[in-house]
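Q: Structure below; questions to follow.
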Amino acid sequence: MIYSGFWRRFVAFIIDMLIVSIPTALLFIPVLGTQLAGVETPDQLSQMQLGFLGLTFISWQFFSLLITWLYFAILESGAKQATWGKRLLGIKVITTTGERMSFGRATGRFFSKSLSYAIVWIGFIMAGFTSRKRALHDMIAGTYVVKKSFEPGQELPETKSRKFLFVIACVLWVLFLLGITALSNIMAMSPTQQAAQLAAQRLVNLTNQRMALKEPLRLETSTFYQTADGYRAVVVDPQTDNKFTLFLQNSSGQVCCQAFPFGDCQDTGFEPCEN
């Protein structure tokens with residue numbers, strides 16, 4: 001096959017991103033380090049310091065975009081028709097006629113990748129399943145990624161697309177991203193918030209199942225009660241050993257928090273119950 005597969009393109013892309021990311025990182029990380037020197041907590045930063053930090057970060061992003069665009073556009077429209085990552089993997093970019101891209105077409109190809117980023121990289125995944133191994137930005141720019149042995153005038157044959165496998169791959173990819181997001185959110189929670197979220201979920205389950213509790217139900221650090229108005233969970237805070245109560249009223253569907261003396265609803269992540 002003359003076309004480059006997904007994994008060869010993926011490895012080339014990783015190499016290229018390392019090449020373009022390292023110079024800007026070496027330039028801006030020391031600047032950020034200097035600005036943050038002696039600062040232990042975010043609340044110690046003045047408004048002026050926050051402004052300079054924001055300006056530095058925006059400048060970093062701007063120069064990263066500028067360097068990345070010029071790197072891809074100049075090299076892929078150049079004599080080798082490939083970035084250094086693509087050269088290492090033995091592939092190059094051509095037009096639908098098998099010729100070298102112009103700088104303008106290479107620029108359009110680069111910025112059209114933003115659509116693939118917007119749809120959580122699915123446009124890149126397309127390269128593994130479409131005819132002629134084309135990603136979304138290849139279709140937009142009218143390009144193919146082929147092995148470097150390809151010569152102008154050589155035939156560009158059709159290949160079989162695998163739409164069903166593409167759909168399966170997209171579903172698995174989206175589920176993976178959702179799982180990573182959920183895991184990161186859980187890891188970002190404090191132990192108090194995790195205990196509160198677990199108790200709240202159990203309150204919802206009790207309500208949905210309309211389970212009758214004739215006596216208190218103890219699960220781990222929470223004790224659940226049923227009242228005429230709904231379900232309550234008395235939770236022992238794993239950080240302070242203080243207690244707080246989560247309440248789910250039958251008709252509301254919204255869990256709220258009631259702090260015990262020495263407790264704090266703010267630490268739970270739930271709004272205080274209305275009196």
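A note on labels: chains of the structure tokens are A, B, ... as shown, every chain counts residues from 1, and ligands are counted from 1 in their shown order.
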Extract, using only C-alpha atoms, all DNA, RNA and protein residues at most 12 Å from Ile91 (chain A), discarding same-chain residues fewer than 3 positions from it, and format them as a PDB file with N, CA and C atoms, in the first residue's frame.
A:
```
ATOM      1  N   ILE A   2       0.503   2.220  -0.814  1.00  0.00           N
ATOM      2  CA  ILE A   2       1.308   3.442  -0.903  1.00  0.00           C
ATOM      3  C   ILE A   2       0.918   4.466   0.161  1.00  0.00           C
ATOM      4  N   TYR A   3      -0.259   4.295   0.778  1.00  0.00           N
ATOM      5  CA  TYR A   3      -0.735   5.276   1.750  1.00  0.00           C
ATOM      6  C   TYR A   3      -0.191   4.964   3.147  1.00  0.00           C
ATOM      7  N   SER A   4       0.007   6.016   3.913  1.00  0.00           N
ATOM      8  CA  SER A   4       0.465   5.830   5.289  1.00  0.00           C
ATOM      9  C   SER A   4      -0.712   5.479   6.181  1.00  0.00           C
ATOM     10  N   GLY A   5      -0.511   4.509   7.066  1.00  0.00           N
ATOM     11  CA  GLY A   5      -1.540   4.126   8.011  1.00  0.00           C
ATOM     12  C   GLY A   5      -1.622   5.094   9.181  1.00  0.00           C
ATOM     13  N   PHE A   6      -2.614   4.870  10.025  1.00  0.00           N
ATOM     14  CA  PHE A   6      -2.870   5.776  11.153  1.00  0.00           C
ATOM     15  C   PHE A   6      -1.696   5.819  12.122  1.00  0.00           C
ATOM     16  N   TRP A   7      -1.160   4.674  12.506  1.00  0.00           N
ATOM     17  CA  TRP A   7      -0.153   4.650  13.561  1.00  0.00           C
ATOM     18  C   TRP A   7       1.158   5.286  13.121  1.00  0.00           C
ATOM     19  N   ARG A   8       1.507   5.133  11.865  1.00  0.00           N
ATOM     20  CA  ARG A   8       2.719   5.788  11.369  1.00  0.00           C
ATOM     21  C   ARG A   8       2.549   7.311  11.430  1.00  0.00           C
ATOM     22  N   ARG A   9       1.374   7.774  11.048  1.00  0.00           N
ATOM     23  CA  ARG A   9       1.103   9.206  11.114  1.00  0.00           C
ATOM     24  C   ARG A   9       1.059   9.687  12.565  1.00  0.00           C
ATOM     25  N   PHE A  10       0.511   8.865  13.449  1.00  0.00           N
ATOM     26  CA  PHE A  10       0.405   9.240  14.857  1.00  0.00           C
ATOM     27  C   PHE A  10       1.789   9.415  15.476  1.00  0.00           C
ATOM     28  N   VAL A  11       2.688   8.484  15.235  1.00  0.00           N
ATOM     29  CA  VAL A  11       4.043   8.577  15.792  1.00  0.00           C
ATOM     30  C   VAL A  11       4.763   9.791  15.226  1.00  0.00           C
ATOM     31  N   ALA A  12       4.593  10.037  13.936  1.00  0.00           N
ATOM     32  CA  ALA A  12       5.213  11.208  13.315  1.00  0.00           C
ATOM     33  C   ALA A  12       4.694  12.497  13.953  1.00  0.00           C
ATOM     34  N   PHE A  13       3.406  12.539  14.234  1.00  0.00           N
ATOM     35  CA  PHE A  13       2.806  13.721  14.849  1.00  0.00           C
ATOM     36  C   PHE A  13       3.367  13.951  16.256  1.00  0.00           C
ATOM     37  N   GLU A  76       6.093  20.951   4.967  1.00  0.00           N
ATOM     38  CA  GLU A  76       5.232  20.099   4.142  1.00  0.00           C
ATOM     39  C   GLU A  76       5.034  20.653   2.733  1.00  0.00           C
ATOM     40  N   LYS A  80      11.038  18.306   0.487  1.00  0.00           N
ATOM     41  CA  LYS A  80      10.846  16.967   1.062  1.00  0.00           C
ATOM     42  C   LYS A  80       9.370  16.628   1.277  1.00  0.00           C
ATOM     43  N   GLN A  81       8.494  17.636   1.258  1.00  0.00           N
ATOM     44  CA  GLN A  81       7.052  17.464   1.431  1.00  0.00           C
ATOM     45  C   GLN A  81       6.702  16.796   2.760  1.00  0.00           C
ATOM     46  N   ALA A  82       7.529  17.020   3.748  1.00  0.00           N
ATOM     47  CA  ALA A  82       7.320  16.326   5.025  1.00  0.00           C
ATOM     48  C   ALA A  82       8.006  17.070   6.159  1.00  0.00           C
ATOM     49  N   THR A  83       7.382  17.011   7.326  1.00  0.00           N
ATOM     50  CA  THR A  83       8.025  17.491   8.543  1.00  0.00           C
ATOM     51  C   THR A  83       9.129  16.500   8.927  1.00  0.00           C
ATOM     52  N   TRP A  84       9.906  16.860   9.930  1.00  0.00           N
ATOM     53  CA  TRP A  84      10.980  15.950  10.354  1.00  0.00           C
ATOM     54  C   TRP A  84      10.419  14.659  10.935  1.00  0.00           C
ATOM     55  N   GLY A  85       9.276  14.761  11.618  1.00  0.00           N
ATOM     56  CA  GLY A  85       8.652  13.545  12.134  1.00  0.00           C
ATOM     57  C   GLY A  85       8.224  12.629  11.002  1.00  0.00           C
ATOM     58  N   LYS A  86       7.636  13.184   9.967  1.00  0.00           N
ATOM     59  CA  LYS A  86       7.225  12.379   8.814  1.00  0.00           C
ATOM     60  C   LYS A  86       8.438  11.803   8.092  1.00  0.00           C
ATOM     61  N   ARG A  87       9.501  12.572   8.001  1.00  0.00           N
ATOM     62  CA  ARG A  87      10.713  12.055   7.344  1.00  0.00           C
ATOM     63  C   ARG A  87      11.246  10.835   8.090  1.00  0.00           C
ATOM     64  N   LEU A  88      11.254  10.913   9.418  1.00  0.00           N
ATOM     65  CA  LEU A  88      11.751   9.777  10.204  1.00  0.00           C
ATOM     66  C   LEU A  88      10.898   8.538   9.994  1.00  0.00           C
ATOM     67  N   ILE A  94       1.074  14.843  -0.244  1.00  0.00           N
ATOM     68  CA  ILE A  94       0.930  15.206  -1.651  1.00  0.00           C
ATOM     69  C   ILE A  94      -0.485  15.727  -1.904  1.00  0.00           C
ATOM     70  N   TYR A 144      -3.152  13.812   0.404  1.00  0.00           N
ATOM     71  CA  TYR A 144      -2.971  12.434   0.862  1.00  0.00           C
ATOM     72  C   TYR A 144      -1.632  12.361   1.576  1.00  0.00           C
ATOM     73  N   VAL A 145      -1.518  11.421   2.499  1.00  0.00           N
ATOM     74  CA  VAL A 145      -0.234  11.133   3.138  1.00  0.00           C
ATOM     75  C   VAL A 145       0.208   9.769   2.639  1.00  0.00           C
ATOM     76  N   VAL A 146       1.343   9.756   1.954  1.00  0.00           N
ATOM     77  CA  VAL A 146       1.829   8.542   1.293  1.00  0.00           C
ATOM     78  C   VAL A 146       3.255   8.236   1.751  1.00  0.00           C
ATOM     79  N   LYS A 147       3.726   7.074   1.377  1.00  0.00           N
ATOM     80  CA  LYS A 147       5.108   6.715   1.676  1.00  0.00           C
ATOM     81  C   LYS A 147       6.046   7.506   0.775  1.00  0.00           C
ATOM     82  N   LYS A 148       7.240   7.774   1.261  1.00  0.00           N
ATOM     83  CA  LYS A 148       8.147   8.665   0.542  1.00  0.00           C
ATOM     84  C   LYS A 148       8.601   8.114  -0.801  1.00  0.00           C
ATOM     85  N   SER A 149       8.385   6.821  -1.038  1.00  0.00           N
ATOM     86  CA  SER A 149       8.762   6.218  -2.322  1.00  0.00           C
ATOM     87  C   SER A 149       7.804   6.601  -3.450  1.00  0.00           C
ATOM     88  N   PHE A 150       6.683   7.234  -3.112  1.00  0.00           N
ATOM     89  CA  PHE A 150       5.704   7.624  -4.130  1.00  0.00           C
ATOM     90  C   PHE A 150       6.307   8.664  -5.063  1.00  0.00           C
TER      91      PHE A 150
END
```
Q: With a distance cut-off of 12 Å and only C-alpha atoms, select the neighbouring residues of region 226-230 of chain A, excluding the residue or stretch itself and same-chain residues fewer than 6 positions from it, and output the selection as a list in words.
A: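 Final neighbour list, sorted by chain and number: Leu203, Val204, Leu206, Thr207, Asn208, Arg210, Met211, Ala212, Leu213, Lys214, Glu215, Pro216, Leu217, Leu246, Phe247, Leu248, Gln249, Asn250, Ser251, Ser252, Gly253, Gln254, Val255 and Cys256 of chain A.
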Q: Can you tell me which residues surround Phe129 (chain A) at a distance of at most 8 Å, considering only C-alpha atoms, apart from same-chain residues fewer than 6 positions away, and format the answer as a PyMOL selection string?
A: chain A and resi 161-163+165-166
Q: Selected residues, N, CA, C and O atoms, written as a compact mmCIF listing (two decimals), in the first residue's frame, please.
A:
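out-v3.txt was written with the following content:
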```txt
# COMPACT_ATOMS: atom_id res chain seq x y z
N SER A 161 -12.99 1.48 2.56
CA SER A 161 -13.27 2.17 3.82
C SER A 161 -13.95 1.22 4.79
O SER A 161 -14.64 0.28 4.37
N ARG A 162 -13.78 1.47 6.08
CA ARG A 162 -14.35 0.60 7.12
C ARG A 162 -15.21 1.44 8.06
O ARG A 162 -14.81 1.78 9.16
N LYS A 163 -16.41 1.78 7.58
CA LYS A 163 -17.29 2.69 8.29
C LYS A 163 -17.76 2.11 9.62
O LYS A 163 -17.82 2.81 10.63
N LEU A 165 -16.32 -0.13 11.56
CA LEU A 165 -15.23 -0.12 12.53
C LEU A 165 -14.92 1.30 13.00
O LEU A 165 -14.54 1.52 14.15
N PHE A 166 -15.09 2.25 12.09
CA PHE A 166 -14.87 3.66 12.45
C PHE A 166 -15.86 4.10 13.53
O PHE A 166 -15.48 4.76 14.50
```
Q: Measuring atom to atom with only C-alpha atoms, identify which of A:Asn205, A:Thr143, A:Gln194, A:Ser102 is nearest to Val235 (chain A).
A: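 Once distances to Val235 (chain A) are computed over only C-alpha atoms, the minimum belongs to A:Gln194.
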Q: If you run DSSP on this backbone, which residues of region 8-190 of chain A come out as helix (DSSP H, G or I), and could you give them as number ranges by chain?
A: A: 8-35, 42-44, 47-76, 84-89, 103-118, 122-128, 131-133, 136-141, 163-188
Q: Any chance you can output those residues with C-alpha atoms as a short mmCIF file (atom, residue, chain, number, x, y, z; two decimals), in the first residue's frame?
A:
```cif
data_model
loop_
_atom_site.label_atom_id
_atom_site.label_comp_id
_atom_site.auth_asym_id
_atom_site.auth_seq_id
_atom_site.Cartn_x
_atom_site.Cartn_y
_atom_site.Cartn_z
CA ARG A 8 2.72 5.79 11.37
CA ARG A 9 1.10 9.21 11.11
CA PHE A 10 0.40 9.24 14.86
CA VAL A 11 4.04 8.58 15.79
CA ALA A 12 5.21 11.21 13.31
CA PHE A 13 2.81 13.72 14.85
CA ILE A 14 4.08 13.03 18.37
CA ILE A 15 7.68 13.56 17.20
CA ASP A 16 6.73 16.81 15.47
CA MET A 17 4.89 18.17 18.51
CA LEU A 18 7.89 17.44 20.71
CA ILE A 19 10.12 19.27 18.24
CA VAL A 20 7.95 22.41 18.19
CA SER A 21 7.03 22.38 21.90
CA ILE A 22 10.48 22.15 23.44
CA PRO A 23 11.85 25.54 22.21
CA THR A 24 8.88 27.56 23.47
CA ALA A 25 8.87 25.64 26.74
CA LEU A 26 12.55 26.41 27.27
CA LEU A 27 11.80 30.07 26.59
CA PHE A 28 8.68 30.60 28.71
CA ILE A 29 9.02 28.18 31.65
CA PRO A 30 11.97 30.13 33.16
CA VAL A 31 9.92 33.34 32.79
CA LEU A 32 6.99 31.79 34.64
CA GLY A 33 9.36 30.44 37.26
CA THR A 34 10.79 33.92 37.83
CA GLN A 35 7.31 35.42 38.15
CA PRO A 42 -2.24 31.65 44.72
CA ASP A 43 -3.82 34.16 47.12
CA GLN A 44 -0.39 35.74 47.62
CA GLN A 47 -3.51 41.79 40.61
CA MET A 48 -0.45 43.03 38.74
CA GLN A 49 1.32 39.69 39.14
CA LEU A 50 -1.78 37.86 37.91
CA GLY A 51 -1.89 40.17 34.91
CA PHE A 52 1.75 39.47 34.02
CA LEU A 53 1.19 35.73 34.45
CA GLY A 54 -1.82 35.88 32.12
CA LEU A 55 0.16 37.88 29.56
CA THR A 56 3.04 35.39 29.72
CA PHE A 57 0.69 32.44 29.25
CA ILE A 58 -1.09 34.09 26.30
CA SER A 59 2.28 34.94 24.71
CA TRP A 60 3.36 31.33 25.16
CA GLN A 61 0.25 30.07 23.39
CA PHE A 62 0.62 32.61 20.58
CA PHE A 63 4.26 31.79 19.87
CA SER A 64 3.54 28.06 20.09
CA LEU A 65 0.81 28.41 17.46
CA LEU A 66 3.03 30.59 15.25
CA ILE A 67 6.00 28.22 15.40
CA THR A 68 3.83 25.12 14.89
CA TRP A 69 2.08 26.66 11.85
CA LEU A 70 5.34 27.73 10.19
CA TYR A 71 6.98 24.38 10.97
CA PHE A 72 4.22 22.33 9.35
CA ALA A 73 3.41 24.70 6.48
CA ILE A 74 7.00 25.39 5.40
CA LEU A 75 8.28 21.81 5.65
CA GLU A 76 5.23 20.10 4.14
CA TRP A 84 10.98 15.95 10.35
CA GLY A 85 8.65 13.54 12.13
CA LYS A 86 7.22 12.38 8.81
CA ARG A 87 10.71 12.06 7.34
CA LEU A 88 11.75 9.78 10.20
CA LEU A 89 8.69 7.60 9.53
CA PHE A 103 2.47 27.08 1.10
CA GLY A 104 -1.13 28.37 1.02
CA ARG A 105 -2.58 24.86 0.77
CA ALA A 106 -0.27 23.67 3.55
CA THR A 107 -1.48 26.56 5.71
CA GLY A 108 -5.11 25.67 5.05
CA ARG A 109 -4.36 22.04 5.85
CA PHE A 110 -2.76 23.01 9.14
CA PHE A 111 -5.58 25.25 10.37
CA SER A 112 -8.28 22.83 9.24
CA LYS A 113 -6.95 20.48 11.91
CA SER A 114 -8.74 22.73 14.41
CA LEU A 115 -11.99 21.04 13.32
CA SER A 116 -10.57 17.68 14.39
CA TYR A 117 -9.57 19.12 17.74
CA ALA A 118 -13.09 20.54 18.13
CA ILE A 122 -12.15 12.17 15.70
CA GLY A 123 -11.01 13.85 12.48
CA PHE A 124 -7.56 12.34 13.04
CA ILE A 125 -9.00 8.90 13.80
CA MET A 126 -10.61 8.94 10.36
CA ALA A 127 -7.18 8.29 8.83
CA GLY A 128 -7.33 4.71 10.08
CA SER A 131 -10.56 5.23 1.75
CA ARG A 132 -6.97 6.20 0.92
CA LYS A 133 -6.32 6.70 4.67
CA LEU A 136 -10.55 15.15 7.96
CA HIS A 137 -7.98 17.86 7.18
CA ASP A 138 -6.77 15.82 4.19
CA MET A 139 -10.29 15.84 2.78
CA ILE A 140 -10.62 19.58 3.34
CA ALA A 141 -7.23 20.46 1.84
CA LYS A 163 -17.29 2.69 8.29
CA PHE A 164 -18.60 0.21 10.85
CA LEU A 165 -15.23 -0.12 12.53
CA PHE A 166 -14.87 3.66 12.45
CA VAL A 167 -18.14 4.08 14.35
CA ILE A 168 -17.04 1.50 16.93
CA ALA A 169 -13.66 3.22 17.32
CA CYS A 170 -15.35 6.61 17.82
CA VAL A 171 -17.72 5.22 20.45
CA LEU A 172 -14.86 3.58 22.35
CA TRP A 173 -12.78 6.76 22.10
CA VAL A 174 -15.60 8.93 23.46
CA LEU A 175 -16.24 6.46 26.31
CA PHE A 176 -12.53 6.52 27.11
CA LEU A 177 -12.51 10.33 27.24
CA LEU A 178 -15.60 10.37 29.45
CA GLY A 179 -13.98 7.84 31.78
CA ILE A 180 -10.78 9.88 31.99
CA THR A 181 -12.79 13.03 32.69
CA ALA A 182 -14.82 11.35 35.42
CA LEU A 183 -11.68 9.87 36.99
CA SER A 184 -9.88 13.22 36.96
CA ASN A 185 -12.90 14.91 38.56
CA ILE A 186 -12.97 12.29 41.31
CA MET A 187 -9.24 12.61 41.92
CA ALA A 188 -9.63 16.39 42.13
#
```
Q: May I have the residues within 10 Å of Arg218 (chain A) as an NGL selection string, using only C-alpha atoms and disregarding those fewer than 5 positions away in the same chain?
A: :A and (223-225 or 233-235)
Q: Which residues are near Glu99 (chain A)? Cut-off 9 Å, only C-alpha atoms, ignore same chain within fewer than 2 positions. Put them as a PDB file with C-alpha atoms, in the first residue's frame.
A:
```
ATOM      1  CA  VAL A  93       2.134  14.845   1.949  1.00  0.00           C
ATOM      2  CA  ILE A  94       0.930  15.206  -1.651  1.00  0.00           C
ATOM      3  CA  THR A  95      -2.008  16.805  -3.462  1.00  0.00           C
ATOM      4  CA  THR A  96      -4.737  14.891  -5.292  1.00  0.00           C
ATOM      5  CA  THR A  97      -2.609  15.131  -8.446  1.00  0.00           C
ATOM      6  CA  MET A 101       1.551  21.373  -1.900  1.00  0.00           C
ATOM      7  CA  GLU A 151       6.544   9.434  -7.380  1.00  0.00           C
ATOM      8  CA  PRO A 152       4.433  12.097  -9.177  1.00  0.00           C
ATOM      9  CA  GLY A 153       2.299  10.501 -11.862  1.00  0.00           C
TER      10      GLY A 153
END
```
